[in-house]
$ cat coords-v4.json   # JSON, C-alpha atoms
[["chain", "number", "residue", "atom", "x", "y", "z"],
["A", 860, "MET", "CA", -4.03, -6.33, -1.97],
["A", 861, "HIS", "CA", -1.47, -7.98, -4.23],
["A", 862, "GLY", "CA", -1.92, -10.05, -7.35],
["A", 863, "GLY", "CA", -1.65, -13.81, -7.73],
["A", 864, "GLY", "CA", 1.89, -15.04, -7.08],
["A", 865, "GLN", "CA", 2.89, -11.76, -5.39],
["A", 866, "THR", "CA", 3.26, -10.75, -1.74],
["A", 867, "ARG", "CA", 2.62, -7.67, 0.38],
["A", 868, "HIS", "CA", 6.15, -6.52, -0.52],
["A", 869, "ALA", "CA", 4.94, -5.67, -4.04],
["A", 870, "TRP", "CA", 3.36, -2.55, -2.50],
["A", 871, "ARG", "CA", 6.45, -1.26, -0.65],
["A", 872, "ALA", "CA", 7.10, 1.82, -2.83],
["A", 873, "THR", "CA", 3.41, 2.65, -3.26],
["A", 874, "ALA", "CA", 2.74, 2.31, 0.47],
["A", 875, "LYS", "CA", 5.54, 4.80, 1.23],
["A", 876, "ARG", "CA", 4.03, 7.31, -1.21],
["A", 877, "LEU", "CA", 0.61, 6.93, 0.42],
["A", 878, "ALA", "CA", 2.04, 7.24, 3.93],
["A", 879, "ASN", "CA", 3.93, 10.39, 2.97],
["A", 880, "ARG", "CA", 0.60, 11.94, 1.94],
["A", 881, "GLY", "CA", -1.08, 11.14, 5.25],
["A", 882, "PHE", "CA", -2.75, 7.81, 4.47],
["A", 883, "THR", "CA", -2.41, 4.66, 6.52],
["A", 884, "ALA", "CA", -1.37, 1.92, 4.09],
["A", 885, "ILE", "CA", -2.00, -1.67, 5.12],
["A", 886, "ALA", "CA", -0.50, -4.39, 2.93],
["A", 887, "VAL", "CA", -1.34, -8.05, 3.54],
["A", 888, "ASP", "CA", -0.32, -11.45, 2.21],
["A", 889, "GLN", "CA", -3.44, -13.12, 0.86],
["A", 890, "ARG", "CA", -4.23, -16.73, 1.68],
["A", 891, "GLY", "CA", -1.69, -19.20, 0.33],
["A", 892, "HIS", "CA", 0.78, -16.39, -0.43],
["A", 893, "GLY", "CA", 3.83, -14.89, 1.26],
["A", 894, "SER", "CA", 3.84, -15.42, 5.01],
["A", 895, "SER", "CA", 0.18, -16.41, 5.17],
["A", 896, "ALA", "CA", -0.61, -20.05, 5.76],
["A", 897, "TRP", "CA", -1.42, -22.50, 3.00],
["A", 898, "ILE", "CA", -5.04, -23.60, 3.39],
["A", 899, "ASP", "CA", -5.35, -27.27, 4.40],
["A", 900, "SER", "CA", -8.56, -27.70, 2.41],
["A", 901, "GLY", "CA", -7.07, -26.06, -0.68],
["A", 902, "ALA", "CA", -9.79, -23.38, -0.70],
["A", 903, "TYR", "CA", -8.45, -20.83, -3.20],
["A", 904, "ALA", "CA", -11.58, -19.94, -5.16],
["A", 905, "LEU", "CA", -12.17, -16.24, -5.74],
["A", 906, "GLU", "CA", -15.14, -16.54, -3.40],
["A", 907, "ASP", "CA", -12.70, -17.43, -0.61],
["A", 908, "TYR", "CA", -10.47, -14.45, -1.39],
["A", 909, "GLY", "CA", -13.54, -12.21, -1.55],
["A", 910, "ARG", "CA", -14.68, -13.29, 1.88],
["A", 911, "ASP", "CA", -11.20, -12.62, 3.25],
["A", 912, "ALA", "CA", -11.23, -9.12, 1.75],
["A", 913, "ALA", "CA", -14.66, -8.34, 3.19],
["A", 914, "SER", "CA", -13.58, -9.57, 6.63],
["A", 915, "LEU", "CA", -10.42, -7.47, 6.43],
["A", 916, "GLY", "CA", -12.40, -4.39, 5.47],
["A", 917, "ARG", "CA", -14.74, -4.81, 8.42],
["A", 918, "GLN", "CA", -11.87, -5.39, 10.86],
["A", 919, "ILE", "CA", -10.07, -2.26, 9.69],
["A", 920, "GLU", "CA", -13.28, -0.24, 10.02],
["A", 921, "GLN", "CA", -13.55, -1.40, 13.63],
["A", 922, "LEU", "CA", -9.94, -0.39, 14.31],
["A", 923, "PHE", "CA", -9.97, 3.02, 12.60],
["A", 924, "GLY", "CA", -13.63, 4.00, 12.76],
["A", 925, "THR", "CA", -13.90, 4.43, 8.99],
["A", 926, "ARG", "CA", -14.23, 2.14, 6.02],
["A", 927, "PRO", "CA", -10.96, 1.69, 4.12],
["A", 928, "ALA", "CA", -10.40, 2.17, 0.42],
["A", 929, "ALA", "CA", -9.38, -1.03, -1.35],
["A", 930, "ILE", "CA", -6.50, -0.98, -3.82],
["A", 931, "GLY", "CA", -6.21, -4.37, -5.50],
["A", 932, "ALA", "CA", -3.96, -5.62, -8.26],
["A", 933, "SER", "CA", -5.32, -8.46, -10.40],
["A", 934, "LEU", "CA", -6.34, -11.13, -7.84],
["A", 935, "GLY", "CA", -6.50, -8.47, -5.13],
["A", 936, "GLY", "CA", -8.75, -6.31, -7.28],
["A", 937, "LEU", "CA", -11.14, -9.14, -8.05],
["A", 938, "ALA", "CA", -11.21, -10.14, -4.37],
["A", 939, "SER", "CA", -12.08, -6.55, -3.42],
["A", 940, "LEU", "CA", -14.76, -6.34, -6.11],
["A", 941, "TYR", "CA", -16.21, -9.67, -4.96],
["A", 942, "ALA", "CA", -16.24, -8.39, -1.37],
["A", 943, "LEU", "CA", -18.32, -5.38, -2.39],
["A", 944, "GLY", "CA", -20.90, -7.79, -3.76],
["A", 945, "GLN", "CA", -21.42, -9.08, -0.22],
["A", 946, "ASP", "CA", -21.17, -5.88, 1.79],
["A", 947, "VAL", "CA", -20.24, -2.21, 1.35],
["A", 948, "CYS", "CA", -17.03, -2.90, 3.28],
["A", 949, "PHE", "CA", -14.88, -0.34, 1.41],
["A", 950, "SER", "CA", -15.23, 3.39, 0.91],
["A", 951, "ALA", "CA", -13.66, 3.25, -2.57],
["A", 952, "LEU", "CA", -12.25, 0.72, -5.00],
["A", 953, "VAL", "CA", -9.10, 0.88, -7.14],
["A", 954, "LEU", "CA", -8.78, -1.96, -9.64],
["A", 955, "VAL", "CA", -5.20, -2.31, -10.85],
["A", 956, "ASP", "CA", -5.18, -3.79, -14.36],
["A", 957, "ILE", "CA", -8.11, -6.09, -13.76],
["A", 958, "ALA", "CA", -11.77, -6.14, -14.76],
["A", 959, "PRO", "CA", -14.62, -8.67, -14.77],
["A", 960, "ARG", "CA", -13.79, -9.61, -18.38],
["A", 961, "VAL", "CA", -10.13, -9.93, -19.37],
["A", 962, "GLU", "CA", -8.10, -11.30, -22.28],
["A", 963, "PRO", "CA", -7.82, -15.13, -22.07],
["A", 964, "LYS", "CA", -4.46, -15.20, -23.86],
["A", 965, "GLY", "CA", -2.89, -12.84, -21.34],
["A", 966, "VAL", "CA", -4.30, -14.78, -18.40],
["A", 967, "ALA", "CA", -2.93, -18.00, -19.91],
["A", 968, "GLN", "CA", 0.55, -16.48, -20.13],
["A", 969, "VAL", "CA", 0.48, -15.52, -16.45],
["A", 970, "ARG", "CA", -0.83, -18.96, -15.50],
["A", 971, "ASP", "CA", 1.81, -20.76, -17.56],
["A", 972, "PHE", "CA", 4.62, -18.70, -16.02],
["A", 973, "MET", "CA", 3.41, -19.35, -12.48],
["A", 974, "ARG", "CA", 2.87, -23.07, -13.04],
["A", 975, "ALA", "CA", 6.08, -23.71, -15.00],
["A", 976, "ARG", "CA", 8.29, -24.42, -11.96],
["A", 977, "ALA", "CA", 5.69, -24.49, -9.20],
["A", 978, "THR", "CA", 6.48, -28.03, -8.07],
["A", 979, "GLU", "CA", 10.01, -28.44, -9.46],
["A", 980, "GLY", "CA", 11.49, -25.29, -7.97],
["A", 981, "PHE", "CA", 14.91, -23.82, -8.79],
["A", 982, "VAL", "CA", 18.50, -24.79, -8.11],
["A", 983, "SER", "CA", 19.28, -21.21, -7.11],
["A", 984, "ILE", "CA", 17.77, -17.76, -6.80],
["A", 985, "ASP", "CA", 19.80, -16.75, -9.85],
["A", 986, "GLU", "CA", 18.03, -19.42, -11.89],
["A", 987, "ALA", "CA", 14.67, -18.02, -10.80],
["A", 988, "ALA", "CA", 15.87, -14.51, -11.68],
["A", 989, "GLU", "CA", 16.71, -15.61, -15.23],
["A", 990, "MET", "CA", 13.20, -17.01, -15.64],
["A", 991, "VAL", "CA", 11.63, -13.77, -14.39],
["A", 992, "ALA", "CA", 13.85, -11.70, -16.69],
["A", 993, "ALA", "CA", 12.74, -13.77, -19.69],
["A", 994, "TYR", "CA", 9.11, -13.27, -18.69],
["A", 995, "LEU", "CA", 9.51, -9.50, -18.22],
["A", 996, "PRO", "CA", 11.94, -8.49, -20.99],
["A", 997, "HIS", "CA", 10.76, -4.86, -20.90],
["A", 998, "ARG", "CA", 12.10, -4.38, -17.37],
["A", 999, "THR", "CA", 15.71, -3.62, -16.50],
["A", 1000, "LYS", "CA", 17.12, -6.64, -14.70],
["A", 1001, "PRO", "CA", 17.80, -5.78, -11.03],
["A", 1002, "ARG", "CA", 21.43, -5.79, -9.95],
["A", 1003, "SER", "CA", 20.45, -7.62, -6.75],
["A", 1004, "THR", "CA", 18.21, -10.64, -6.19],
["A", 1005, "ASP", "CA", 17.27, -9.54, -2.66],
["A", 1006, "GLY", "CA", 13.78, -8.52, -3.76],
["A", 1007, "LEU", "CA", 13.19, -11.83, -5.51],
["A", 1008, "ARG", "CA", 14.33, -13.72, -2.41],
["A", 1009, "ARG", "CA", 11.15, -12.54, -0.64],
["A", 1010, "ASN", "CA", 9.14, -14.52, -3.21],
["A", 1011, "LEU", "CA", 11.01, -17.78, -2.70],
["A", 1012, "ASN", "CA", 11.42, -20.29, 0.10],
["A", 1013, "GLN", "CA", 14.32, -22.72, 0.40],
["A", 1014, "ARG", "CA", 13.28, -26.21, 1.45],
["A", 1015, "SER", "CA", 15.23, -29.03, 3.04],
["A", 1016, "ASP", "CA", 16.27, -30.35, -0.38],
["A", 1017, "GLY", "CA", 18.21, -27.12, -0.93],
["A", 1018, "ARG", "CA", 16.04, -25.99, -3.86],
["A", 1019, "TRP", "CA", 14.11, -22.72, -3.98],
["A", 1020, "TYR", "CA", 10.33, -22.70, -4.48],
["A", 1021, "TRP", "CA", 7.77, -19.97, -5.04],
["A", 1022, "HIS", "CA", 6.10, -18.93, -1.81],
["A", 1023, "TRP", "CA", 2.55, -19.59, -3.02],
["A", 1024, "ASP", "CA", 0.59, -22.83, -2.77],
["A", 1025, "PRO", "CA", 0.53, -24.63, -6.19],
["A", 1026, "ARG", "CA", -3.09, -25.59, -5.50],
["A", 1027, "PHE", "CA", -3.91, -21.93, -6.14],
["A", 1028, "TRP", "CA", -3.98, -22.89, -9.84],
["A", 1029, "ASP", "CA", -4.30, -26.68, -9.81],
["A", 1030, "GLY", "CA", -6.29, -27.62, -6.73],
["A", 1031, "HIS", "CA", -9.87, -28.86, -6.62],
["A", 1032, "ARG", "CA", -11.01, -25.38, -5.51],
["A", 1033, "SER", "CA", -8.61, -23.24, -7.52],
["A", 1034, "VAL", "CA", -8.91, -19.53, -8.26],
["A", 1035, "ASN", "CA", -10.54, -20.14, -11.65],
["A", 1036, "ALA", "CA", -12.75, -23.06, -10.63],
["A", 1037, "ALA", "CA", -16.04, -21.21, -11.19],
["A", 1038, "GLY", "CA", -15.37, -20.53, -14.90],
["A", 1039, "ASP", "CA", -17.74, -18.29, -16.87],
["A", 1040, "ALA", "CA", -20.22, -18.16, -13.99],
["A", 1041, "LEU", "CA", -17.64, -16.18, -12.04],
["A", 1042, "HIS", "CA", -17.32, -13.55, -14.79],
["A", 1043, "ASP", "CA", -21.10, -13.19, -14.90],
["A", 1044, "HIS", "CA", -21.21, -12.71, -11.13],
["A", 1045, "LEU", "CA", -18.44, -10.09, -11.20],
["A", 1046, "GLU", "CA", -20.22, -8.18, -13.96],
["A", 1047, "LYS", "CA", -23.38, -8.15, -11.84],
["A", 1048, "ILE", "CA", -21.42, -6.72, -8.90],
["A", 1049, "ALA", "CA", -19.81, -4.09, -11.15],
["A", 1050, "ARG", "CA", -23.24, -2.92, -12.33],
["A", 1051, "GLY", "CA", -24.25, -2.32, -8.73],
["A", 1052, "LEU", "CA", -21.14, -0.47, -7.56],
["A", 1053, "THR", "CA", -21.98, 2.58, -5.46],
["A", 1054, "VAL", "CA", -18.53, 3.53, -4.12],
["A", 1055, "PRO", "CA", -16.04, 5.74, -6.04],
["A", 1056, "THR", "CA", -14.18, 3.43, -8.42],
["A", 1057, "LEU", "CA", -10.98, 3.74, -10.42],
["A", 1058, "LEU", "CA", -9.55, 1.32, -12.98],
["A", 1059, "VAL", "CA", -5.81, 1.83, -13.54],
["A", 1060, "ARG", "CA", -4.87, 0.01, -16.73],
["A", 1061, "GLY", "CA", -1.37, -0.72, -17.95],
["A", 1062, "GLY", "CA", -1.14, 0.90, -21.37],
["A", 1063, "SER", "CA", 0.63, -2.19, -22.72],
["A", 1064, "SER", "CA", -1.37, -4.71, -20.71],
["A", 1065, "ASP", "CA", -2.11, -8.07, -22.28],
["A", 1066, "ILE", "CA", -4.71, -8.77, -19.57],
["A", 1067, "VAL", "CA", -6.96, -5.69, -19.66],
["A", 1068, "SER", "CA", -7.29, -4.58, -23.26],
["A", 1069, "VAL", "CA", -8.89, -1.33, -24.38],
["A", 1070, "GLU", "CA", -12.00, -3.39, -25.13],
["A", 1071, "SER", "CA", -11.95, -4.90, -21.62],
["A", 1072, "ALA", "CA", -11.75, -1.42, -20.11],
["A", 1073, "GLU", "CA", -14.61, -0.12, -22.28],
["A", 1074, "SER", "CA", -16.70, -3.13, -21.28],
["A", 1075, "PHE", "CA", -16.11, -2.22, -17.64],
["A", 1076, "ARG", "CA", -17.03, 1.41, -18.36],
["A", 1077, "LYS", "CA", -20.42, 0.25, -19.65],
["A", 1078, "LEU", "CA", -20.98, -1.78, -16.49],
["A", 1079, "ALA", "CA", -19.89, 1.04, -14.17],
["A", 1080, "PRO", "CA", -20.23, 4.34, -16.08],
["A", 1081, "GLN", "CA", -19.41, 6.34, -12.96],
["A", 1082, "ALA", "CA", -15.96, 4.73, -12.73],
["A", 1083, "GLN", "CA", -12.82, 6.60, -13.71],
["A", 1084, "ILE", "CA", -10.33, 4.86, -16.03],
["A", 1085, "ILE", "CA", -6.67, 5.83, -16.32],
["A", 1086, "ASP", "CA", -4.09, 4.29, -18.66],
["A", 1087, "VAL", "CA", -0.46, 4.25, -17.52],
["A", 1088, "SER", "CA", 1.66, 4.30, -20.66],
["A", 1089, "GLY", "CA", 4.70, 2.05, -20.79],
["A", 1090, "ALA", "CA", 3.27, -0.30, -18.15],
["A", 1091, "GLY", "CA", 2.15, -3.88, -18.57],
["A", 1092, "HIS", "CA", -0.06, -5.96, -16.30],
["A", 1093, "MET", "CA", 2.11, -5.28, -13.24],
["A", 1094, "VAL", "CA", 1.53, -1.55, -13.38],
["A", 1095, "ALA", "CA", 2.95, -0.67, -9.97],
["A", 1096, "GLY", "CA", 6.15, -2.56, -10.67],
["A", 1097, "ASP", "CA", 6.59, -1.21, -14.18],
["A", 1098, "ARG", "CA", 5.92, 2.49, -13.54],
["A", 1099, "ASN", "CA", 5.37, 3.04, -9.84],
["A", 1100, "ASP", "CA", 5.64, 6.83, -9.83],
["A", 1101, "ALA", "CA", 2.96, 7.26, -12.51],
["A", 1102, "PHE", "CA", 0.80, 4.63, -10.82],
["A", 1103, "ALA", "CA", 1.11, 6.27, -7.40],
["A", 1104, "ASP", "CA", 0.27, 9.68, -8.88],
["A", 1105, "ALA", "CA", -2.91, 8.22, -10.40],
["A", 1106, "ILE", "CA", -4.21, 6.62, -7.22],
["A", 1107, "LEU", "CA", -3.23, 9.57, -5.01],
["A", 1108, "GLY", "CA", -5.16, 11.95, -7.23],
["A", 1109, "PHE", "CA", -8.18, 9.68, -7.05],
["A", 1110, "LEU", "CA", -8.04, 9.11, -3.31],
["A", 1111, "GLU", "CA", -7.46, 12.75, -2.41],
["A", 1112, "HIS", "CA", -10.02, 14.29, -4.76],
["A", 1113, "ARG", "CA", -12.68, 11.59, -4.93],
["A", 1114, "VAL", "CA", -12.42, 10.08, -1.47],
["A", 1115, "GLY", "CA", -10.85, 12.80, 0.64],
["A", 1116, "GLY", "CA", -8.37, 10.88, 2.76],
["A", 1117, "GLY", "CA", -8.52, 7.89, 5.06],
["A", 1118, "GLU", "CA", -7.02, 4.44, 5.12],
["A", 1119, "ALA", "CA", -5.98, 2.37, 2.14],
["A", 1120, "ILE", "CA", -5.80, -1.38, 1.89],
["A", 1121, "LEU", "CA", -3.22, -2.48, -0.66]]

$ encode --input "coords-v4.json" --output "structure tokens"
Amino acid sequence: MHGGGQTRHAWRATAKRLANRGFTAIAVDQRGHGSSAWIDSGAYALEDYGRDAASLGRQIEQLFGTRPAAIGASLGGLASLYALGQDVCFSALVLVDIAPRVEPKGVAQVRDFMRARATEGFVSIDEAAEMVAAYLPHRTKPRSTDGLRRNLNQRSDGRWYWHWDPRFWDGHRSVNAAGDALHDHLEKIARGLTVPTLLVRGGSSDIVSVESAESFRKLAPQAQIIDVSGAGHMVAGDRNDAFADAILGFLEHRVGGGEAIL
């Protein structure tokens, strides 16, 4: 399950690696993102994403006869963790650079980037590409904008807009509406985790610091934590090979095969 502002396409390379090792990889667009509908009521609280994740886990279990492992980046990780607080709907949990307690400054930077042109849009895809390049200076700028095109929609005014619903951040029931109470609830869920759990942290992440990871270790001492050096918050995009190696090792040795939700 992808992070906020991303789509199922963020998992393309990872899904291929998983499939090549015998897993069934299922990538979805979360509510208000990608090809999924925008919610009329503006319900984008983490509770809503958590319920979606739990429902998805149960549906996949019905289809395949086994509970899936959940691999969630940022928003997707928190949604999967929240789901496990309602029901043991997953056989394992992989949190990708996310934890119940994260660094506020890093979260603010992500929020500011996403909100900066959410309603104004862009004159062209190239203009959006320049903004992304400035936000991710450590990445080599792609020679083609085809990948970025999947994250934008062109409206009747000719301008290009991010695919996600701006109410995700600014609506009456936004993703961070619950405030500190949400962090407390996620910590409670983490303390009660019973499924194999892995936290994959970007070694240069400004969201999950070393302190954030250690805090999670205290909540879930049975969890495994792996740092991917040279990667920031978007671990899979920054160093996909190292990321895929980490989750494959975990799934094959700790879980033993099955289906993976991305």

$ closest_residue --input "coords-v4.json" --among "A:Leu1041, A:Phe882, A:Gln865, A:Arg926" --to "Asp946 of chain A" --atoms "all atoms listed in the file"
A:Arg926

$ atom_distance --input "coords-v4.json" --atom1 "atom CA of Gly1061 of chain A" --atom2 "atom CA of Glu1073 of chain A"
13.9 Å

$ atom_distance --input "coords-v4.json" --atom1 "atom CA of Ser933 of chain A" --atom2 "atom CA of Gly1096 of chain A"
12.9 Å

$ closest_atom_pairs --input "coords-v4.json" --of "segment 920-975 of chain A" --to "segment 1007-1028 of chain A" --cutoff "12 Å" --atoms "only C-alpha atoms" --output "JSON lines"
{"residue": "A:Leu934", "atom": "CA", "partner": "A:Phe1027", "partner_atom": "CA", "distance": 11.2}
{"residue": "A:Val966", "atom": "CA", "partner": "A:Trp1028", "partner_atom": "CA", "distance": 11.8}
{"residue": "A:Ala967", "atom": "CA", "partner": "A:Trp1028", "partner_atom": "CA", "distance": 11.2}
{"residue": "A:Val969", "atom": "CA", "partner": "A:Trp1028", "partner_atom": "CA", "distance": 10.9}
{"residue": "A:Arg970", "atom": "CA", "partner": "A:Trp1028", "partner_atom": "CA", "distance": 7.6}
{"residue": "A:Asp971", "atom": "CA", "partner": "A:Trp1028", "partner_atom": "CA", "distance": 9.9}
{"residue": "A:Phe972", "atom": "CA", "partner": "A:Trp1028", "partner_atom": "CA", "distance": 11.4}
{"residue": "A:Met973", "atom": "CA", "partner": "A:Trp1028", "partner_atom": "CA", "distance": 8.6}
{"residue": "A:Arg974", "atom": "CA", "partner": "A:Pro1025", "partner_atom": "CA", "distance": 7.4}
{"residue": "A:Ala975", "atom": "CA", "partner": "A:Pro1025", "partner_atom": "CA", "distance": 10.5}

$ write_last_selection --input "coords-v4.json" --atoms "C-alpha atoms" --output "mmCIF file, in the coordinates of the input"
data_model
loop_
_atom_site.group_PDB
_atom_site.id
_atom_site.type_symbol
_atom_site.label_atom_id
_atom_site.label_comp_id
_atom_site.auth_asym_id
_atom_site.auth_seq_id
_atom_site.Cartn_x
_atom_site.Cartn_y
_atom_site.Cartn_z
ATOM 1 C CA LEU A 934 -6.340 -11.130 -7.840
ATOM 2 C CA VAL A 966 -4.300 -14.780 -18.400
ATOM 3 C CA ALA A 967 -2.930 -18.000 -19.910
ATOM 4 C CA VAL A 969 0.480 -15.520 -16.450
ATOM 5 C CA ARG A 970 -0.830 -18.960 -15.500
ATOM 6 C CA ASP A 971 1.810 -20.760 -17.560
ATOM 7 C CA PHE A 972 4.620 -18.700 -16.020
ATOM 8 C CA MET A 973 3.410 -19.350 -12.480
ATOM 9 C CA ARG A 974 2.870 -23.070 -13.040
ATOM 10 C CA ALA A 975 6.080 -23.710 -15.000
#

$ atom_distance --input "coords-v4.json" --atom1 "atom CA of Gly863 of chain A" --atom2 "atom CA of Val1054 of chain A"
24.5 Å

$ closest_residue --input "coords-v4.json" --among "A:Glu1070, A:Asp1100, A:Glu906, A:Asp911" --to "Leu1045 of chain A" --atoms "all atoms listed in the file"
A:Glu906

$ residues_near_point --input "coords-v4.json" --point "(8.9, -4.9, -18.9)" --cutoff "7 Å" --atoms "all atoms listed in the file" --output "list in words"
Leu995, Pro996, His997, Arg998, Gly1091 and Asp1097 of chain A

$ residues_near_point --input "coords-v4.json" --point "(-2.6, 8.0, -1.1)" --cutoff "8 Å" --atoms "all atoms listed in the file" --output "list in words"
Ala874, Arg876, Leu877, Ala878, Arg880, Gly881, Phe882, Ala1103, Ile1106, Leu1107, Gly1108, Leu1110, Glu1111, Gly1116 and Ala1119 of chain A

$ axis_aligned_box --input "coords-v4.json" --around "segment 1025-1043 of chain A" --padding-each-side "4 Å" --output "lines of an AutoDock Vina configuration file"
center_x = -10.3
center_y = -21.0
center_z = -11.2
size_x = 29.6
size_y = 23.7
size_z = 19.4

$ residues_around --input "coords-v4.json" --residues "Tyr908 of chain A" --least-positions-apart "3" --cutoff "10 Å" --atoms "all atoms listed in the file" --output "list in words"
Gln889, Arg890, Ala902, Tyr903, Ala904, Leu905, Asp911, Ala912, Ala913, Ser914, Leu934, Gly935, Leu937, Ala938, Ser939, Tyr941, Ala942 and Val1034 of chain A

$ closest_residue --input "coords-v4.json" --among "A:Ala1036, A:Leu1078, A:Val953, A:Ile919" --to "Arg1050 of chain A" --atoms "all atoms listed in the file"
A:Leu1078

$ closest_residue --input "coords-v4.json" --among "A:Leu915, A:Ala1095, A:Ile1048, A:Met860" --to "Gln945 of chain A" --atoms "all atoms listed in the file"
A:Ile1048

$ residues_around --input "coords-v4.json" --residues "Ala1072 of chain A" --least-positions-apart "4" --cutoff "10 Å" --atoms "only C-alpha atoms" --output "ChimeraX atom specification"
/A:956-961,1058-1060,1067-1068,1076-1078,1084-1086

$ closest_residue --input "coords-v4.json" --among "A:Thr866, A:Thr978, A:Thr999, A:Ser1033" --to "Ile898 of chain A" --atoms "all atoms listed in the file"
A:Ser1033

$ decode --input "coords-v4.json" --residues "segment 977-983 of chain A" --atoms "all heavy atoms" --output "JSON list (two decimals), in the first residue's frame"
[["chain", "number", "residue", "atom", "x", "y", "z"],
["A", 977, "ALA", "N", -1.52, 22.05, -4.86],
["A", 977, "ALA", "CA", -2.64, 21.10, -4.88],
["A", 977, "ALA", "C", -3.87, 21.67, -5.59],
["A", 977, "ALA", "O", -4.58, 20.94, -6.29],
["A", 977, "ALA", "CB", -3.01, 20.70, -3.46],
["A", 978, "THR", "N", -4.15, 22.93, -5.42],
["A", 978, "THR", "CA", -5.33, 23.53, -6.05],
["A", 978, "THR", "C", -4.98, 24.35, -7.28],
["A", 978, "THR", "O", -5.81, 24.51, -8.17],
["A", 978, "THR", "CB", -6.08, 24.43, -5.05],
["A", 978, "THR", "OG1", -5.18, 25.44, -4.55],
["A", 978, "THR", "CG2", -6.60, 23.61, -3.88],
["A", 979, "GLU", "N", -3.75, 24.82, -7.37],
["A", 979, "GLU", "CA", -3.33, 25.66, -8.50],
["A", 979, "GLU", "C", -2.95, 24.83, -9.71],
["A", 979, "GLU", "O", -3.18, 25.21, -10.86],
["A", 979, "GLU", "CB", -2.14, 26.52, -8.07],
["A", 979, "GLU", "CG", -1.60, 27.41, -9.16],
["A", 979, "GLU", "CD", -0.36, 28.16, -8.70],
["A", 979, "GLU", "OE1", -0.05, 28.12, -7.49],
["A", 979, "GLU", "OE2", 0.30, 28.79, -9.55],
["A", 980, "GLY", "N", -2.34, 23.67, -9.48],
["A", 980, "GLY", "CA", -1.90, 22.82, -10.57],
["A", 980, "GLY", "C", -0.67, 23.36, -11.28],
["A", 980, "GLY", "O", 0.01, 24.28, -10.79],
["A", 981, "PHE", "N", -0.39, 22.80, -12.46],
["A", 981, "PHE", "CA", 0.81, 23.15, -13.22],
["A", 981, "PHE", "C", 0.45, 23.45, -14.67],
["A", 981, "PHE", "O", -0.49, 22.87, -15.22],
["A", 981, "PHE", "CB", 1.81, 21.98, -13.19],
["A", 981, "PHE", "CG", 2.22, 21.56, -11.81],
["A", 981, "PHE", "CD1", 1.54, 20.56, -11.14],
["A", 981, "PHE", "CD2", 3.29, 22.18, -11.17],
["A", 981, "PHE", "CE1", 1.92, 20.16, -9.87],
["A", 981, "PHE", "CE2", 3.67, 21.79, -9.89],
["A", 981, "PHE", "CZ", 2.99, 20.78, -9.24],
["A", 982, "VAL", "N", 1.23, 24.31, -15.28],
["A", 982, "VAL", "CA", 1.03, 24.62, -16.69],
["A", 982, "VAL", "C", 1.36, 23.41, -17.56],
["A", 982, "VAL", "O", 0.71, 23.15, -18.57],
["A", 982, "VAL", "CB", 1.90, 25.82, -17.12],
["A", 982, "VAL", "CG1", 1.84, 26.03, -18.63],
["A", 982, "VAL", "CG2", 1.46, 27.08, -16.39],
["A", 983, "SER", "N", 2.38, 22.66, -17.13],
["A", 983, "SER", "CA", 2.82, 21.50, -17.91],
["A", 983, "SER", "C", 3.37, 20.43, -16.99],
["A", 983, "SER", "O", 3.65, 20.68, -15.81],
["A", 983, "SER", "CB", 3.91, 21.92, -18.90],
["A", 983, "SER", "OG", 5.07, 22.34, -18.19]]
